[in-house]
file protein-v5.cif (mmCIF, C-alpha atoms, pLDDT in the B column; chains and numbers go by the auth columns)
data_entry
#
loop_
_atom_site.group_PDB
_atom_site.id
_atom_site.type_symbol
_atom_site.label_atom_id
_atom_site.label_comp_id
_atom_site.label_asym_id
_atom_site.label_seq_id
_atom_site.Cartn_x
_atom_site.Cartn_y
_atom_site.Cartn_z
_atom_site.B_iso_or_equiv
_atom_site.auth_seq_id
_atom_site.auth_asym_id
ATOM 1 C CA MET A 1 122.726 96.734 163.514 96.00 30 A
ATOM 2 C CA ILE A 2 120.616 98.625 165.989 98.00 31 A
ATOM 3 C CA ILE A 3 122.169 100.523 168.899 98.00 32 A
ATOM 4 C CA ILE A 4 119.854 100.364 171.902 98.00 33 A
ATOM 5 C CA PRO A 5 120.429 102.798 174.770 98.00 34 A
ATOM 6 C CA ALA A 6 119.486 101.459 178.189 97.00 35 A
ATOM 7 C CA ILE A 7 117.587 102.789 181.165 97.00 36 A
ATOM 8 C CA ASP A 8 117.677 100.686 184.328 95.00 37 A
ATOM 9 C CA LEU A 9 114.956 101.600 186.796 97.00 38 A
ATOM 10 C CA GLN A 10 115.174 101.342 190.563 94.00 39 A
ATOM 11 C CA GLY A 11 112.860 103.271 192.810 94.00 40 A
ATOM 12 C CA GLY A 12 111.673 105.260 189.813 95.00 41 A
ATOM 13 C CA GLN A 13 115.180 106.527 189.036 96.00 42 A
ATOM 14 C CA ALA A 14 117.589 105.823 186.180 95.00 43 A
ATOM 15 C CA VAL A 15 120.476 103.885 187.723 92.00 44 A
ATOM 16 C CA ARG A 16 123.281 101.481 186.806 81.00 45 A
ATOM 17 C CA LEU A 17 124.630 98.533 188.771 81.00 46 A
ATOM 18 C CA VAL A 18 128.013 96.809 188.552 80.00 47 A
ATOM 19 C CA GLN A 19 127.837 93.077 187.720 76.00 48 A
ATOM 20 C CA GLY A 20 124.208 93.078 188.808 69.00 49 A
ATOM 21 C CA ASP A 21 125.142 93.969 192.405 73.00 50 A
ATOM 22 C CA TYR A 22 122.291 95.938 193.951 75.00 51 A
ATOM 23 C CA GLY A 23 124.757 97.286 196.500 74.00 52 A
ATOM 24 C CA LYS A 24 126.868 98.896 193.779 73.00 53 A
ATOM 25 C CA LYS A 25 124.400 101.396 192.401 76.00 54 A
ATOM 26 C CA THR A 26 124.926 104.767 190.761 90.00 55 A
ATOM 27 C CA VAL A 27 121.948 107.074 190.234 92.00 56 A
ATOM 28 C CA TYR A 28 122.404 108.854 186.918 92.00 57 A
ATOM 29 C CA ASN A 29 119.128 110.715 186.726 94.00 58 A
ATOM 30 C CA PRO A 30 116.082 110.871 189.006 94.00 59 A
ATOM 31 C CA ASP A 31 113.910 111.497 185.935 97.00 60 A
ATOM 32 C CA PRO A 32 114.013 108.509 183.534 97.00 61 A
ATOM 33 C CA VAL A 33 111.463 110.145 181.243 98.00 62 A
ATOM 34 C CA LYS A 34 113.900 112.966 180.574 98.00 63 A
ATOM 35 C CA VAL A 35 116.619 110.406 179.814 97.00 64 A
ATOM 36 C CA ALA A 36 114.343 108.528 177.394 98.00 65 A
ATOM 37 C CA LYS A 37 113.390 111.705 175.538 98.00 66 A
ATOM 38 C CA ASN A 38 117.050 112.650 175.261 98.00 67 A
ATOM 39 C CA PHE A 39 117.877 109.290 173.682 98.00 68 A
ATOM 40 C CA GLU A 40 115.077 109.753 171.167 98.00 69 A
ATOM 41 C CA GLU A 41 116.229 113.262 170.297 98.00 70 A
ATOM 42 C CA MET A 42 119.771 111.972 169.701 97.00 71 A
ATOM 43 C CA GLY A 43 118.517 109.512 167.101 97.00 72 A
ATOM 44 C CA ALA A 44 117.835 106.274 168.971 98.00 73 A
ATOM 45 C CA GLN A 45 115.541 103.943 167.073 97.00 74 A
ATOM 46 C CA TYR A 46 114.810 101.662 170.031 98.00 75 A
ATOM 47 C CA LEU A 47 114.976 101.896 173.819 98.00 76 A
ATOM 48 C CA HIS A 48 115.907 99.187 176.340 98.00 77 A
ATOM 49 C CA VAL A 49 114.328 99.491 179.791 98.00 78 A
ATOM 50 C CA VAL A 50 114.840 97.173 182.763 96.00 79 A
ATOM 51 C CA ASP A 51 112.817 97.211 185.974 96.00 80 A
ATOM 52 C CA LEU A 52 115.546 96.185 188.435 94.00 81 A
ATOM 53 C CA ASP A 53 113.159 96.036 191.376 93.00 82 A
ATOM 54 C CA GLY A 54 110.814 93.868 189.344 91.00 83 A
ATOM 55 C CA ALA A 55 113.639 91.574 188.259 88.00 84 A
ATOM 56 C CA LYS A 56 114.642 90.980 191.872 87.00 85 A
ATOM 57 C CA ASP A 57 111.187 90.601 193.380 88.00 86 A
ATOM 58 C CA GLY A 58 109.094 89.340 190.456 88.00 87 A
ATOM 59 C CA ASN A 59 106.697 92.277 190.381 93.00 88 A
ATOM 60 C CA THR A 60 105.930 95.478 188.448 95.00 89 A
ATOM 61 C CA ALA A 61 107.511 97.880 190.934 94.00 90 A
ATOM 62 C CA ASN A 62 108.367 100.570 188.377 97.00 91 A
ATOM 63 C CA ILE A 63 105.255 100.303 186.246 97.00 92 A
ATOM 64 C CA GLU A 64 104.396 103.996 186.573 97.00 93 A
ATOM 65 C CA SER A 65 107.841 104.985 185.334 98.00 94 A
ATOM 66 C CA VAL A 66 107.474 102.547 182.426 98.00 95 A
ATOM 67 C CA ARG A 67 104.071 103.994 181.625 98.00 96 A
ATOM 68 C CA ALA A 68 105.432 107.543 181.696 98.00 97 A
ATOM 69 C CA ILE A 69 108.372 106.667 179.446 98.00 98 A
ATOM 70 C CA ARG A 70 106.102 104.948 176.931 98.00 99 A
ATOM 71 C CA ALA A 71 103.798 107.970 176.821 98.00 100 A
ATOM 72 C CA ALA A 72 106.682 110.415 176.371 98.00 101 A
ATOM 73 C CA ILE A 73 108.467 108.857 173.367 98.00 102 A
ATOM 74 C CA LYS A 74 107.477 107.686 169.912 98.00 103 A
ATOM 75 C CA ILE A 75 110.276 105.171 169.263 98.00 104 A
ATOM 76 C CA PRO A 76 109.676 101.514 170.137 98.00 105 A
ATOM 77 C CA MET A 77 110.886 100.154 173.461 98.00 106 A
ATOM 78 C CA GLN A 78 111.574 96.765 174.985 98.00 107 A
ATOM 79 C CA LEU A 79 111.130 96.011 178.663 98.00 108 A
ATOM 80 C CA GLY A 80 112.547 93.381 180.985 97.00 109 A
ATOM 81 C CA GLY A 81 112.427 92.688 184.697 95.00 110 A
ATOM 82 C CA GLY A 82 109.781 90.828 186.686 92.00 111 A
ATOM 83 C CA ILE A 83 107.692 89.703 183.706 96.00 112 A
ATOM 84 C CA ARG A 84 106.756 86.171 184.732 95.00 113 A
ATOM 85 C CA ASP A 85 103.115 85.553 183.871 97.00 114 A
ATOM 86 C CA ALA A 86 100.713 85.967 180.973 98.00 115 A
ATOM 87 C CA LYS A 87 98.758 88.776 182.627 98.00 116 A
ATOM 88 C CA THR A 88 101.873 90.931 182.988 97.00 117 A
ATOM 89 C CA VAL A 89 102.967 90.244 179.419 98.00 118 A
ATOM 90 C CA ASP A 90 99.537 91.245 178.138 98.00 119 A
ATOM 91 C CA MET A 91 99.434 94.381 180.294 98.00 120 A
ATOM 92 C CA TYR A 92 102.784 95.678 179.094 98.00 121 A
ATOM 93 C CA LEU A 93 102.177 94.853 175.422 98.00 122 A
ATOM 94 C CA ASN A 94 98.514 95.742 175.021 98.00 123 A
ATOM 95 C CA GLU A 95 97.689 98.200 177.794 98.00 124 A
ATOM 96 C CA ILE A 96 100.885 100.208 178.148 98.00 125 A
ATOM 97 C CA GLY A 97 102.111 99.743 174.585 98.00 126 A
ATOM 98 C CA VAL A 98 105.581 98.314 175.132 98.00 127 A
ATOM 99 C CA ASN A 99 106.747 96.853 171.805 98.00 128 A
ATOM 100 C CA ARG A 100 108.725 93.879 173.120 98.00 129 A
ATOM 101 C CA VAL A 101 108.916 92.186 176.489 98.00 130 A
ATOM 102 C CA ILE A 102 112.021 90.357 177.679 98.00 131 A
ATOM 103 C CA LEU A 103 111.491 87.039 179.446 97.00 132 A
ATOM 104 C CA GLY A 104 114.337 85.842 181.643 93.00 133 A
ATOM 105 C CA THR A 105 113.629 84.039 184.904 90.00 134 A
ATOM 106 C CA VAL A 106 110.382 82.519 183.653 94.00 135 A
ATOM 107 C CA ALA A 107 112.081 81.314 180.462 94.00 136 A
ATOM 108 C CA VAL A 108 114.470 79.251 182.574 93.00 137 A
ATOM 109 C CA ALA A 109 111.868 77.920 184.988 92.00 138 A
ATOM 110 C CA GLN A 110 109.057 77.403 182.461 94.00 139 A
ATOM 111 C CA PRO A 111 110.412 77.231 178.890 94.00 140 A
ATOM 112 C CA GLU A 112 107.000 76.257 177.537 95.00 141 A
ATOM 113 C CA PHE A 113 105.681 79.616 178.728 97.00 142 A
ATOM 114 C CA VAL A 114 107.848 81.277 176.100 97.00 143 A
ATOM 115 C CA ARG A 115 106.262 79.155 173.384 97.00 144 A
ATOM 116 C CA GLU A 116 102.807 80.085 174.688 98.00 145 A
ATOM 117 C CA MET A 117 103.595 83.799 174.627 98.00 146 A
ATOM 118 C CA ILE A 118 104.979 83.576 171.091 98.00 147 A
ATOM 119 C CA ASP A 119 101.848 81.733 169.957 97.00 148 A
ATOM 120 C CA LEU A 120 99.698 84.379 171.613 98.00 149 A
ATOM 121 C CA HIS A 121 101.551 87.604 170.777 98.00 150 A
ATOM 122 C CA GLY A 122 103.954 86.716 167.945 98.00 151 A
ATOM 123 C CA ALA A 123 107.711 86.212 167.868 98.00 152 A
ATOM 124 C CA GLU A 124 108.370 89.893 167.144 98.00 153 A
ATOM 125 C CA LYS A 125 107.122 90.865 170.594 98.00 154 A
ATOM 126 C CA ILE A 126 108.839 88.244 172.729 98.00 155 A
ATOM 127 C CA VAL A 127 112.550 88.542 173.556 98.00 156 A
ATOM 128 C CA VAL A 128 114.502 86.155 175.760 97.00 157 A
ATOM 129 C CA GLY A 129 117.158 87.403 178.141 96.00 158 A
ATOM 130 C CA ALA A 130 120.104 85.031 178.573 96.00 159 A
ATOM 131 C CA ASP A 131 121.935 86.378 181.605 94.00 160 A
ATOM 132 C CA VAL A 132 125.103 84.325 181.834 96.00 161 A
ATOM 133 C CA ARG A 133 127.459 83.729 184.738 94.00 162 A
ATOM 134 C CA GLY A 134 130.232 81.341 183.708 92.00 163 A
ATOM 135 C CA ASP A 135 128.344 79.140 181.256 95.00 164 A
ATOM 136 C CA LYS A 136 125.098 79.024 183.241 95.00 165 A
ATOM 137 C CA VAL A 137 121.987 81.180 183.066 95.00 166 A
ATOM 138 C CA SER A 138 121.159 83.283 186.119 92.00 167 A
ATOM 139 C CA THR A 139 117.679 84.313 187.281 88.00 168 A
ATOM 140 C CA ALA A 140 115.847 86.574 189.764 76.00 169 A
ATOM 141 C CA GLY A 141 117.659 89.751 188.822 73.00 170 A
ATOM 142 C CA TRP A 142 120.955 87.819 188.614 68.00 171 A
ATOM 143 C CA LEU A 143 120.713 86.898 192.294 77.00 172 A
ATOM 144 C CA ALA A 144 120.147 83.177 191.650 78.00 173 A
ATOM 145 C CA ASP A 145 122.157 80.789 189.476 86.00 174 A
ATOM 146 C CA SER A 146 120.653 77.862 187.591 91.00 175 A
ATOM 147 C CA GLU A 147 122.304 74.731 186.259 91.00 176 A
ATOM 148 C CA VAL A 148 121.131 75.537 182.731 95.00 177 A
ATOM 149 C CA ASP A 149 123.886 75.935 180.116 96.00 178 A
ATOM 150 C CA TYR A 150 123.305 79.124 178.145 97.00 179 A
ATOM 151 C CA LEU A 151 123.833 77.525 174.721 97.00 180 A
ATOM 152 C CA GLU A 152 121.430 74.694 175.509 96.00 181 A
ATOM 153 C CA PHE A 153 118.981 77.284 176.836 96.00 182 A
ATOM 154 C CA ILE A 154 119.115 79.337 173.650 97.00 183 A
ATOM 155 C CA GLU A 155 118.917 76.262 171.427 96.00 184 A
ATOM 156 C CA ARG A 156 115.787 75.052 173.197 94.00 185 A
ATOM 157 C CA LEU A 157 114.119 78.434 172.844 94.00 186 A
ATOM 158 C CA LYS A 158 115.022 78.684 169.170 95.00 187 A
ATOM 159 C CA ASN A 159 112.963 75.551 168.680 94.00 188 A
ATOM 160 C CA PHE A 160 110.048 77.393 170.292 94.00 189 A
ATOM 161 C CA GLY A 161 110.273 80.163 167.704 96.00 190 A
ATOM 162 C CA VAL A 162 112.356 82.734 169.617 98.00 191 A
ATOM 163 C CA LYS A 163 113.888 85.263 167.224 98.00 192 A
ATOM 164 C CA TYR A 164 115.592 87.712 169.607 98.00 193 A
ATOM 165 C CA VAL A 165 118.002 87.035 172.471 98.00 194 A
ATOM 166 C CA VAL A 166 119.644 89.652 174.689 98.00 195 A
ATOM 167 C CA ALA A 167 122.767 87.867 175.924 97.00 196 A
ATOM 168 C CA THR A 168 124.605 89.408 178.876 96.00 197 A
ATOM 169 C CA ASP A 169 127.823 88.284 180.500 95.00 198 A
ATOM 170 C CA ILE A 170 127.083 89.275 184.088 94.00 199 A
ATOM 171 C CA SER A 171 130.771 89.444 184.996 94.00 200 A
ATOM 172 C CA ARG A 172 131.258 92.184 182.379 95.00 201 A
ATOM 173 C CA ASP A 173 128.104 94.198 183.015 91.00 202 A
ATOM 174 C CA GLY A 174 128.782 97.717 184.242 89.00 203 A
ATOM 175 C CA THR A 175 132.543 97.151 184.280 93.00 204 A
ATOM 176 C CA LEU A 176 133.449 99.137 181.144 95.00 205 A
ATOM 177 C CA THR A 177 135.907 96.429 180.111 97.00 206 A
ATOM 178 C CA SER A 178 134.661 94.692 176.961 98.00 207 A
ATOM 179 C CA PRO A 179 131.772 92.510 175.840 98.00 208 A
ATOM 180 C CA ASN A 180 132.451 88.780 175.952 98.00 209 A
ATOM 181 C CA TRP A 181 132.913 88.388 172.211 98.00 210 A
ATOM 182 C CA SER A 182 133.760 84.682 172.466 98.00 211 A
ATOM 183 C CA MET A 183 130.353 84.078 174.055 98.00 212 A
ATOM 184 C CA TYR A 184 128.539 85.726 171.168 98.00 213 A
ATOM 185 C CA GLU A 185 130.508 83.822 168.551 97.00 214 A
ATOM 186 C CA LYS A 186 129.034 80.579 169.900 97.00 215 A
ATOM 187 C CA ILE A 187 125.435 81.735 169.512 97.00 216 A
ATOM 188 C CA ALA A 188 123.815 81.102 166.134 95.00 217 A
ATOM 189 C CA GLY A 189 120.408 81.073 164.537 96.00 218 A
ATOM 190 C CA VAL A 190 118.866 84.010 166.403 98.00 219 A
ATOM 191 C CA ASN A 191 119.090 87.789 166.381 98.00 220 A
ATOM 192 C CA VAL A 192 121.643 88.416 169.130 98.00 221 A
ATOM 193 C CA VAL A 193 121.811 91.633 171.118 98.00 222 A
ATOM 194 C CA VAL A 194 125.222 92.249 172.713 98.00 223 A
ATOM 195 C CA SER A 195 124.965 93.392 176.324 97.00 224 A
ATOM 196 C CA GLY A 196 127.454 93.942 179.131 96.00 225 A
ATOM 197 C CA GLY A 197 130.936 95.449 179.214 96.00 226 A
ATOM 198 C CA VAL A 198 130.543 97.981 176.390 97.00 227 A
ATOM 199 C CA ALA A 199 133.121 100.700 176.963 98.00 228 A
ATOM 200 C CA ASN A 200 133.839 102.611 173.754 98.00 229 A
ATOM 201 C CA GLU A 201 132.971 103.267 170.129 98.00 230 A
ATOM 202 C CA GLU A 202 135.230 100.426 168.995 98.00 231 A
ATOM 203 C CA HIS A 203 133.004 97.971 170.832 98.00 232 A
ATOM 204 C CA VAL A 204 129.934 99.430 169.132 98.00 233 A
ATOM 205 C CA GLN A 205 131.608 99.082 165.745 98.00 234 A
ATOM 206 C CA LYS A 206 132.673 95.501 166.473 98.00 235 A
ATOM 207 C CA ALA A 207 129.078 94.577 167.284 98.00 236 A
ATOM 208 C CA ALA A 208 127.972 95.473 163.747 96.00 237 A
ATOM 209 C CA LYS A 209 127.963 91.760 162.797 96.00 238 A
ATOM 210 C CA TYR A 210 125.162 91.157 165.309 98.00 239 A
ATOM 211 C CA TYR A 211 121.562 92.314 165.389 98.00 240 A
ATOM 212 C CA GLY A 212 122.144 94.903 168.060 98.00 241 A
ATOM 213 C CA ILE A 213 124.078 96.218 171.030 98.00 242 A
ATOM 214 C CA ILE A 214 122.880 97.732 174.300 98.00 243 A
ATOM 215 C CA VAL A 215 124.767 100.781 175.545 98.00 244 A
ATOM 216 C CA GLY A 216 124.266 101.918 179.111 96.00 245 A
ATOM 217 C CA LYS A 217 127.039 102.900 181.483 95.00 246 A
ATOM 218 C CA ALA A 218 129.458 103.763 178.667 96.00 247 A
ATOM 219 C CA PHE A 219 127.086 106.539 177.631 97.00 248 A
ATOM 220 C CA TYR A 220 126.334 107.757 181.134 95.00 249 A
ATOM 221 C CA GLU A 221 130.042 107.924 181.919 94.00 250 A
ATOM 222 C CA GLY A 222 130.762 109.919 178.745 96.00 251 A
ATOM 223 C CA ARG A 223 132.760 107.201 176.983 97.00 252 A
ATOM 224 C CA VAL A 224 130.461 106.688 174.004 98.00 253 A
ATOM 225 C CA ASP A 225 129.017 109.465 171.860 98.00 254 A
ATOM 226 C CA LEU A 226 125.681 107.869 171.052 98.00 255 A
ATOM 227 C CA LYS A 227 124.587 110.559 168.612 97.00 256 A
ATOM 228 C CA LYS A 228 127.727 109.936 166.579 97.00 257 A
ATOM 229 C CA CYS A 229 127.345 106.161 166.792 98.00 258 A
ATOM 230 C CA PHE A 230 123.721 106.304 165.675 98.00 259 A
ATOM 231 C CA LEU A 231 124.818 108.136 162.511 97.00 260 A
ATOM 232 C CA LYS A 232 127.841 105.938 161.793 96.00 261 A
ATOM 233 C CA TYR A 233 126.747 102.402 162.660 96.00 262 A
ATOM 234 C CA GLN A 234 122.987 102.129 163.012 93.00 263 A
ATOM 235 C CA THR A 235 121.416 100.438 160.015 89.00 264 A
ATOM 236 C CA LEU A 236 118.012 99.197 161.163 71.00 265 A
#

call {"tool": "encode", "arguments": {"input": "protein-v5.cif", "output": "structure tokens"}}
result
Amino acid sequence: MIIIPAIDLQGGQAVRLVQGDYGKKTVYNPDPVKVAKNFEEMGAQYLHVVDLDGAKDGNTANIESVRAIRAAIKIPMQLGGGIRDAKTVDMYLNEIGVNRVILGTVAVAQPEFVREMIDLHGAEKIVVGADVRGDKVSTAGWLADSEVDYLEFIERLKNFGVKYVVATDISRDGTLTSPNWSMYEKIAGVNVVVSGGVANEEHVQKAAKYYGIIVGKAFYEGRVDLKKCFLKYQTL
């Protein structure tokens, strides 16, 4: 398992939302580069970054922060939020040097686009974000709900060659309650990254059966000792 610390960007700052609500924001650090370097120094082997402004508006609002983070750390990083066309995918992967891009909204609206990006860049560089509310996949920074069932969505994308899925239960995200373990048990055939609701070390340990787990608010609120967890549970 890989433990992936998260940095959510809004207005160039490291923030966290509750259940994707842009009105429920906490700024944890105005300098996301400093946060990223701290994660690397603690022993992180991968970094998860989300451009919240980009996710909402479909643009690259925090590109300069992404660029600065990439330049400051040596560990690989994955990026999601607002990546909805081939030019943006290419820019992040080949110009800025992001290791994996996460496709969410565009994967729902244009599933064939995911296949095209895998054919062009390889399955190791393309991750799909399944952001789930109820049993349906949400889009546009979780502000819009589709009629697409998350299991059908993942199954379709598996057939396109998708190897990695970050699955988030929106109702749990930022709540420090618990991941939706029953949701993950239904997903098969891909490398699943647990996301949303992580609150303690027990949750990190329980995620060991999956490919990875994203830890955000639980770290920022002092509930998870990431340095300890990296040593105890990280195996990638």

call {"tool": "residues_around", "arguments": {"input": "protein-v5.cif", "residues": "Glu124 in chain A", "least_positions_apart": "4", "cutoff": "12 Å", "atoms": "all atoms listed in the file", "output": "tab-separated table (two decimals) with C-alpha atoms, in the coordinates of the input"}}
result
chain	number	residue	atom	x	y	z
A	92	ILE	CA	105.26	100.30	186.25
A	95	VAL	CA	107.47	102.55	182.43
A	96	ARG	CA	104.07	103.99	181.62
A	99	ARG	CA	106.10	104.95	176.93
A	100	ALA	CA	103.80	107.97	176.82
A	116	LYS	CA	98.76	88.78	182.63
A	117	THR	CA	101.87	90.93	182.99
A	118	VAL	CA	102.97	90.24	179.42
A	119	ASP	CA	99.54	91.24	178.14
A	120	MET	CA	99.43	94.38	180.29
A	128	ASN	CA	106.75	96.85	171.80

call {"tool": "closest_atom_pairs", "arguments": {"input": "protein-v5.cif", "of": "range 144-260 of chain A", "to": "range 43-50 of chain A", "cutoff": "8 Å", "atoms": "all atoms listed in the file", "output": "tab-separated table"}}
result
residue	atom	partner	partner_atom	distance
A:Gly170	CA	A:Gly49	CA	7.3
A:Trp171	CA	A:Gly49	CA	6.2
A:Leu172	CA	A:Gly49	CA	7.9
A:Ile199	CA	A:Gln48	CA	5.3
A:Ser200	CA	A:Gln48	CA	5.4
A:Arg201	CA	A:Gln48	CA	6.4
A:Asp202	CA	A:Gln48	CA	4.8
A:Gly203	CA	A:Val47	CA	4.5
A:Thr204	CA	A:Val47	CA	6.2
A:Gly245	CA	A:Arg45	CA	7.8
A:Lys246	CA	A:Arg45	CA	6.7

call {"tool": "resolve_selection", "arguments": {"input": "protein-v5.cif", "expression": "the PyMOL selection byres ((chain A and resi 134-145) around 6)", "output": "PyMOL selection string"}}
result
chain A and resi 113+132-133+146-148+168-169+189

call {"tool": "closest_residue", "arguments": {"input": "protein-v5.cif", "among": "A:Val56, A:Val156, A:Ala65, A:Ile31", "to": "Ile102 in chain A", "atoms": "only C-alpha atoms"}}
result
A:Ala65

call {"tool": "closest_residue", "arguments": {"input": "protein-v5.cif", "among": "A:Gly226, A:Ala152, A:Tyr179, A:Gly163", "to": "Tyr193 in chain A", "atoms": "only C-alpha atoms"}}
result
A:Ala152
